[in-house]
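query35.txt (compact mmCIF, C-alpha atoms)
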```txt
# COMPACT_ATOMS: atom_id res chain seq x y z
CA MET A 1 133.74 10.05 42.14
CA LEU A 2 130.34 8.44 41.90
CA GLU A 3 129.76 5.86 39.17
CA LEU A 4 126.23 6.74 38.10
CA ALA A 5 125.08 3.42 36.64
CA ASN A 6 125.88 1.44 39.79
CA ARG A 7 125.52 4.28 42.33
CA LYS A 8 128.93 3.31 43.62
CA LEU A 9 131.67 5.53 45.04
CA VAL A 10 134.77 4.48 43.12
CA CYS A 11 137.58 6.92 43.89
CA ALA A 12 138.40 9.92 46.05
CA CYS A 13 141.70 11.10 44.57
CA ASP A 14 142.13 14.56 43.04
CA ALA A 15 143.60 13.16 39.80
CA CYS A 16 140.47 11.14 38.99
CA SER A 17 138.14 13.97 39.95
CA ILE A 18 139.97 16.35 37.62
CA LEU A 19 140.20 13.79 34.81
CA PHE A 20 136.55 12.70 34.86
CA ASP A 21 134.78 15.86 36.02
CA ASN A 22 132.51 17.83 33.65
CA GLN A 23 132.37 15.33 30.80
CA GLY A 24 128.77 15.95 29.69
CA ALA A 25 127.01 12.57 29.81
CA ALA A 26 129.89 11.15 31.81
CA LYS A 27 129.92 7.79 33.49
CA PHE A 28 131.19 9.43 36.69
CA ARG A 29 130.18 12.46 38.70
CA ARG A 30 132.37 14.32 41.15
CA VAL A 31 131.07 14.34 44.73
CA PRO A 32 131.46 17.73 46.42
CA ARG A 33 133.37 17.83 49.70
CA ASP A 34 131.40 20.34 51.75
CA GLY A 35 127.87 20.45 53.03
CA ARG A 36 125.89 23.45 54.18
CA LEU A 37 123.40 23.96 56.94
CA LEU A 38 120.19 25.49 55.60
CA THR A 39 119.22 27.91 58.35
CA GLY A 40 116.31 29.43 56.43
CA PHE A 41 114.80 26.12 55.33
CA GLU A 42 111.02 25.84 55.52
CA MET A 43 109.05 22.62 55.85
CA THR A 44 105.74 22.38 57.62
CA GLU A 45 104.76 19.44 59.79
CA GLN A 46 102.08 18.60 57.23
CA GLN A 47 104.64 18.51 54.42
CA TRP A 48 106.94 16.21 56.41
CA ASP A 49 104.02 13.98 57.38
CA SER A 50 102.94 13.75 53.73
CA LEU A 51 106.35 12.29 52.84
CA LEU A 52 105.40 9.29 55.05
CA MET A 53 108.94 8.68 56.28
CA PRO A 54 108.91 5.98 58.99
CA ILE A 55 111.64 7.80 60.94
CA ASN A 56 112.50 11.46 61.41
CA MET A 57 115.67 11.35 59.35
CA ALA A 58 116.01 11.02 55.59
CA PHE A 59 117.93 12.24 52.59
CA PHE A 60 116.54 13.24 49.23
CA PHE A 61 118.44 13.51 45.94
CA HIS A 62 117.69 13.68 42.24
CA ASN A 63 118.68 10.40 40.58
CA THR A 64 119.40 11.16 36.92
CA ILE A 65 119.20 7.50 35.86
CA LEU A 66 115.63 7.26 37.23
CA ASP A 67 114.91 10.94 36.46
CA LYS A 68 113.21 11.50 39.80
CA VAL A 69 113.82 12.50 43.39
CA VAL A 70 114.67 9.52 45.56
CA ALA A 71 114.11 9.46 49.31
CA MET A 72 116.21 7.22 51.56
CA TYR A 73 116.40 6.81 55.29
CA PRO A 74 119.05 5.17 57.45
CA SER A 75 118.27 2.01 59.36
CA PRO A 76 120.20 -0.68 61.24
CA ALA A 77 119.91 -2.75 58.04
CA GLY A 78 121.43 -0.02 55.86
CA ALA A 79 120.00 2.60 53.52
CA THR A 80 116.33 2.00 52.79
CA GLU A 81 114.65 3.60 49.82
CA SER A 82 111.21 4.97 50.42
CA LEU A 83 108.89 3.76 47.69
CA LEU A 84 106.23 6.20 48.76
CA SER A 85 104.96 9.07 46.67
CA LEU A 86 106.86 12.33 46.92
CA ASP A 87 103.93 14.45 45.73
CA THR A 88 104.80 17.20 48.21
CA TRP A 89 108.40 17.51 46.97
CA SER A 90 107.60 20.19 44.39
CA GLU A 91 105.83 22.22 47.09
CA ILE A 92 108.88 21.92 49.39
CA GLU A 93 111.16 22.84 46.51
CA GLU A 94 109.00 25.87 45.69
CA ALA A 95 109.36 27.13 49.28
CA ASN A 96 113.12 26.43 49.25
CA PRO A 97 114.65 27.36 45.85
CA VAL A 98 118.10 26.33 47.14
CA LEU A 99 116.99 22.73 46.49
CA ARG A 100 117.02 23.43 42.76
CA GLU A 101 120.73 24.21 43.05
CA MET A 102 121.64 20.75 44.36
CA GLN A 103 123.89 18.80 42.03
CA PRO A 104 121.97 15.73 40.84
CA ASP A 105 123.16 12.35 42.10
CA VAL A 106 125.89 13.74 44.36
CA GLU A 107 124.14 16.23 46.68
CA ALA A 108 121.16 15.56 48.91
CA LEU A 109 118.83 17.32 51.26
CA LEU A 110 119.61 15.66 54.59
CA ALA A 111 116.79 16.14 57.10
CA ASN A 112 117.49 15.52 60.78
CA ARG A 113 114.23 15.82 62.69
CA LEU A 114 114.98 13.32 65.47
CA GLY A 115 115.37 15.88 68.27
CA HIS A 116 112.61 18.04 66.84
CA ALA A 117 110.13 15.14 66.95
CA ARG A 118 110.84 14.74 70.67
CA GLY A 119 110.78 18.47 71.41
CA PHE A 120 114.51 18.68 72.25
CA THR A 121 115.93 20.67 69.32
CA ASN A 122 114.95 22.35 66.09
CA ALA A 123 114.88 20.33 62.92
CA GLU A 124 118.10 20.61 60.90
CA TYR A 125 118.34 20.55 57.14
CA TYR A 126 121.55 20.33 55.14
CA ILE A 127 122.66 20.18 51.55
CA ALA A 128 125.12 17.33 52.01
CA PRO A 129 127.43 15.36 49.73
CA ILE A 130 125.91 11.95 49.03
CA ASP A 131 128.92 10.16 50.52
CA LYS A 132 128.26 11.89 53.86
CA CYS A 133 124.66 10.67 53.77
CA PHE A 134 125.87 7.12 53.27
CA LYS A 135 128.49 7.62 55.98
CA LEU A 136 125.61 8.37 58.36
CA VAL A 137 123.90 5.18 57.21
CA GLY A 138 127.12 3.26 57.91
CA LEU A 139 127.46 4.76 61.38
CA ILE A 140 123.94 3.70 62.28
CA ARG A 141 124.36 0.24 60.81
CA THR A 142 127.70 -0.32 62.55
CA HIS A 143 126.85 1.06 65.99
CA TRP A 144 123.16 0.13 66.44
CA ARG A 145 122.46 -2.17 69.38
CA GLY A 146 119.12 -3.53 70.62
CA LEU A 147 115.77 -1.94 69.94
CA SER A 148 116.62 1.70 70.66
CA GLY A 149 120.11 1.72 69.18
CA GLY A 150 122.04 2.11 72.41
CA ALA A 151 124.07 5.04 73.70
CA GLU A 152 126.96 4.52 71.27
CA VAL A 153 124.89 5.07 68.10
CA TRP A 154 123.33 8.25 69.49
CA ARG A 155 126.79 9.56 70.44
CA GLU A 156 128.11 8.75 66.96
CA MET A 157 125.18 10.52 65.29
CA ALA A 158 125.67 13.59 67.51
CA GLU A 159 129.35 13.69 66.50
CA PHE A 160 128.44 13.22 62.84
CA PHE A 161 126.08 16.21 62.85
CA ALA A 162 128.49 18.33 64.89
CA ASP A 163 131.20 17.59 62.29
CA LEU A 164 128.79 18.33 59.45
CA ARG A 165 127.85 21.67 61.02
CA GLY A 166 131.47 22.53 61.84
CA GLY A 167 133.00 21.32 58.59
CA SER A 168 130.39 22.72 56.29
CA ALA A 169 130.99 25.57 53.90
CA GLY A 170 129.03 27.67 56.36
CA PRO A 171 125.33 28.09 56.85
CA CYS A 172 123.23 28.93 53.87
CA THR A 173 120.93 31.67 55.10
CA GLU A 174 119.05 32.10 51.86
CA VAL A 175 115.56 33.26 52.66
CA PRO A 176 112.98 31.44 50.54
CA HIS A 177 111.30 33.63 47.93
CA ALA A 178 107.81 34.84 48.76
```
Would you give me this structure, written as structure tokens?
Amino acid sequence: MLELANRKLVCACDACSILFDNQGAAKFRRVPRDGRLLTGFEMTEQQWDSLLMPINMAFFFHNTILDKVVAMYPSPAGATESLLSLDTWSEIEEANPVLREMQPDVEALLANRLGHARGFTNAEYYIAPIDKCFKLVGLIRTHWRGLSGGAEVWREMAEFFADLRGGSAGPCTEVPHA
């Protein structure tokens, strides 16, 4: 359960999730358990560049308290909110209607473009539970060493994404509408 006002995860038990789920303007929101790989996701290099993310990994979610999409990226210091304009977001959302189905506050678009930026792999995009996004932030913060992060953090991130791909509800192959 996510406490909306403080953006704090407060409980993970089934009893609380059943008790507090679907209460209209509730104080809490249930965090889904599964993520999904978006195999048909479309984002051009120009769209990504316009988001002005300082690294090639970020997550985006609709914050109902602020009534806007918030962009955050992991760093050795923790989750960092991008205060930059997200003018291109509506264009990205238009090309990928699945983004409109994300549950506000508790689901995020998680973009992993690290390997793509270096020409090693394709970019990966997920609809991920917000707690998994913050788990990734915690892994980076905990395991980062030196300037480049060190081998351990890269191994941990590879395992994280392998688990997210393997434990997801399956790939979402929705083809964006023309």
Best match for closeness to Phe161 (chain A) among A:Phe134, A:Tyr126, A:Trp144, A:Phe41, counting only C-alpha atoms: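 The answer is A:Tyr126, which sits nearest to Phe161 (chain A).
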Proximity to Ala108 (chain A) - best of A:Ser148, A:Ser75, A:Thr142, A:Asn63, all atoms listed in the file: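 Closest candidate: A:Asn63.
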Contact residues around Val10 (chain A) with all atoms listed in the file at 12 Å, ignoring same-chain residues under 5 positions, as an MDAnalysis selection string: chainID A and resid 1:5 16:17 20 27:31 131
Atomic distance CA of Cys133 (chain A) - CA of Thr64 (chain A), expressed in Å with one decimal: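 Separation between CA of Cys133 (chain A) and CA of Thr64 (chain A): 17.7 Å.
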Pairwise distance for CA of Phe120 (chain A) and CA of Ala58 (chain A), rounded to one decimal in Å: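 The value is 18.4 Å.
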Expected residue set, 12 Å radius at (108.3, 23.2, 59.5), only C-alpha atoms, as a PyMOL selection string: chain A and resi 39-49+92+95-96+111+113+116-117+122-125
Separation of CA of Glu101 (chain A) from CA of Ile140 (chain A) in Å: 28.3 Å
Distance query 10 Å from (122.7, 20.7, 43.6) using all atoms listed in the file, result as a list in words: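 Neighbouring residues, ordered by chain and number, come to Pro32, Phe61, His62, Val98, Leu99, Arg100, Glu101, Met102, Gln103, Pro104, Asp105, Val106, Glu107, Ala108, Leu109, Ile127, Ala128 and Pro129 of chain A.
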Next, the residues of the selection above should be written as an mmCIF file, in the coordinates of the input with C-alpha atoms.
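The result, stored in result-v4.cif:
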```cif
data_model
loop_
_atom_site.group_PDB
_atom_site.id
_atom_site.type_symbol
_atom_site.label_atom_id
_atom_site.label_comp_id
_atom_site.auth_asym_id
_atom_site.auth_seq_id
_atom_site.Cartn_x
_atom_site.Cartn_y
_atom_site.Cartn_z
ATOM 1 C CA PRO A 32 131.460 17.730 46.420
ATOM 2 C CA PHE A 61 118.440 13.510 45.940
ATOM 3 C CA HIS A 62 117.690 13.680 42.240
ATOM 4 C CA VAL A 98 118.100 26.330 47.140
ATOM 5 C CA LEU A 99 116.990 22.730 46.490
ATOM 6 C CA ARG A 100 117.020 23.430 42.760
ATOM 7 C CA GLU A 101 120.730 24.210 43.050
ATOM 8 C CA MET A 102 121.640 20.750 44.360
ATOM 9 C CA GLN A 103 123.890 18.800 42.030
ATOM 10 C CA PRO A 104 121.970 15.730 40.840
ATOM 11 C CA ASP A 105 123.160 12.350 42.100
ATOM 12 C CA VAL A 106 125.890 13.740 44.360
ATOM 13 C CA GLU A 107 124.140 16.230 46.680
ATOM 14 C CA ALA A 108 121.160 15.560 48.910
ATOM 15 C CA LEU A 109 118.830 17.320 51.260
ATOM 16 C CA ILE A 127 122.660 20.180 51.550
ATOM 17 C CA ALA A 128 125.120 17.330 52.010
ATOM 18 C CA PRO A 129 127.430 15.360 49.730
#
```
Nearby residues (only C-alpha atoms) at most 12 Å from Glu156 (chain A), same-chain spacing under 2 positions excluded, as a list in words: Lys135, Leu136, Val137, Gly138, Leu139, Ile140, Arg141, Thr142, His143, Trp144, Gly149, Gly150, Ala151, Glu152, Val153, Trp154, Ala158, Glu159, Phe160, Phe161, Ala162 and Asp163 of chain A
Closest of A:Ala77, A:Met57, A:Leu164, A:Leu66 to Gly115 (chain A) - atom-to-atom distances counting only C-alpha atoms: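 Closest candidate: A:Met57.
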Selected residue of minimal separation from Asp34 (chain A) among A:Leu147, A:Arg165, A:Met72, A:Asp87, counting all atoms listed in the file: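 Selected residue with least distance to Asp34 (chain A): A:Arg165.
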Which residue of A:Asn6, A:Asn56, A:Thr121, A:Ser50 approaches Pro74 (chain A) most closely, using all atoms listed in the file: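 Nearest to Pro74 (chain A): A:Asn56.
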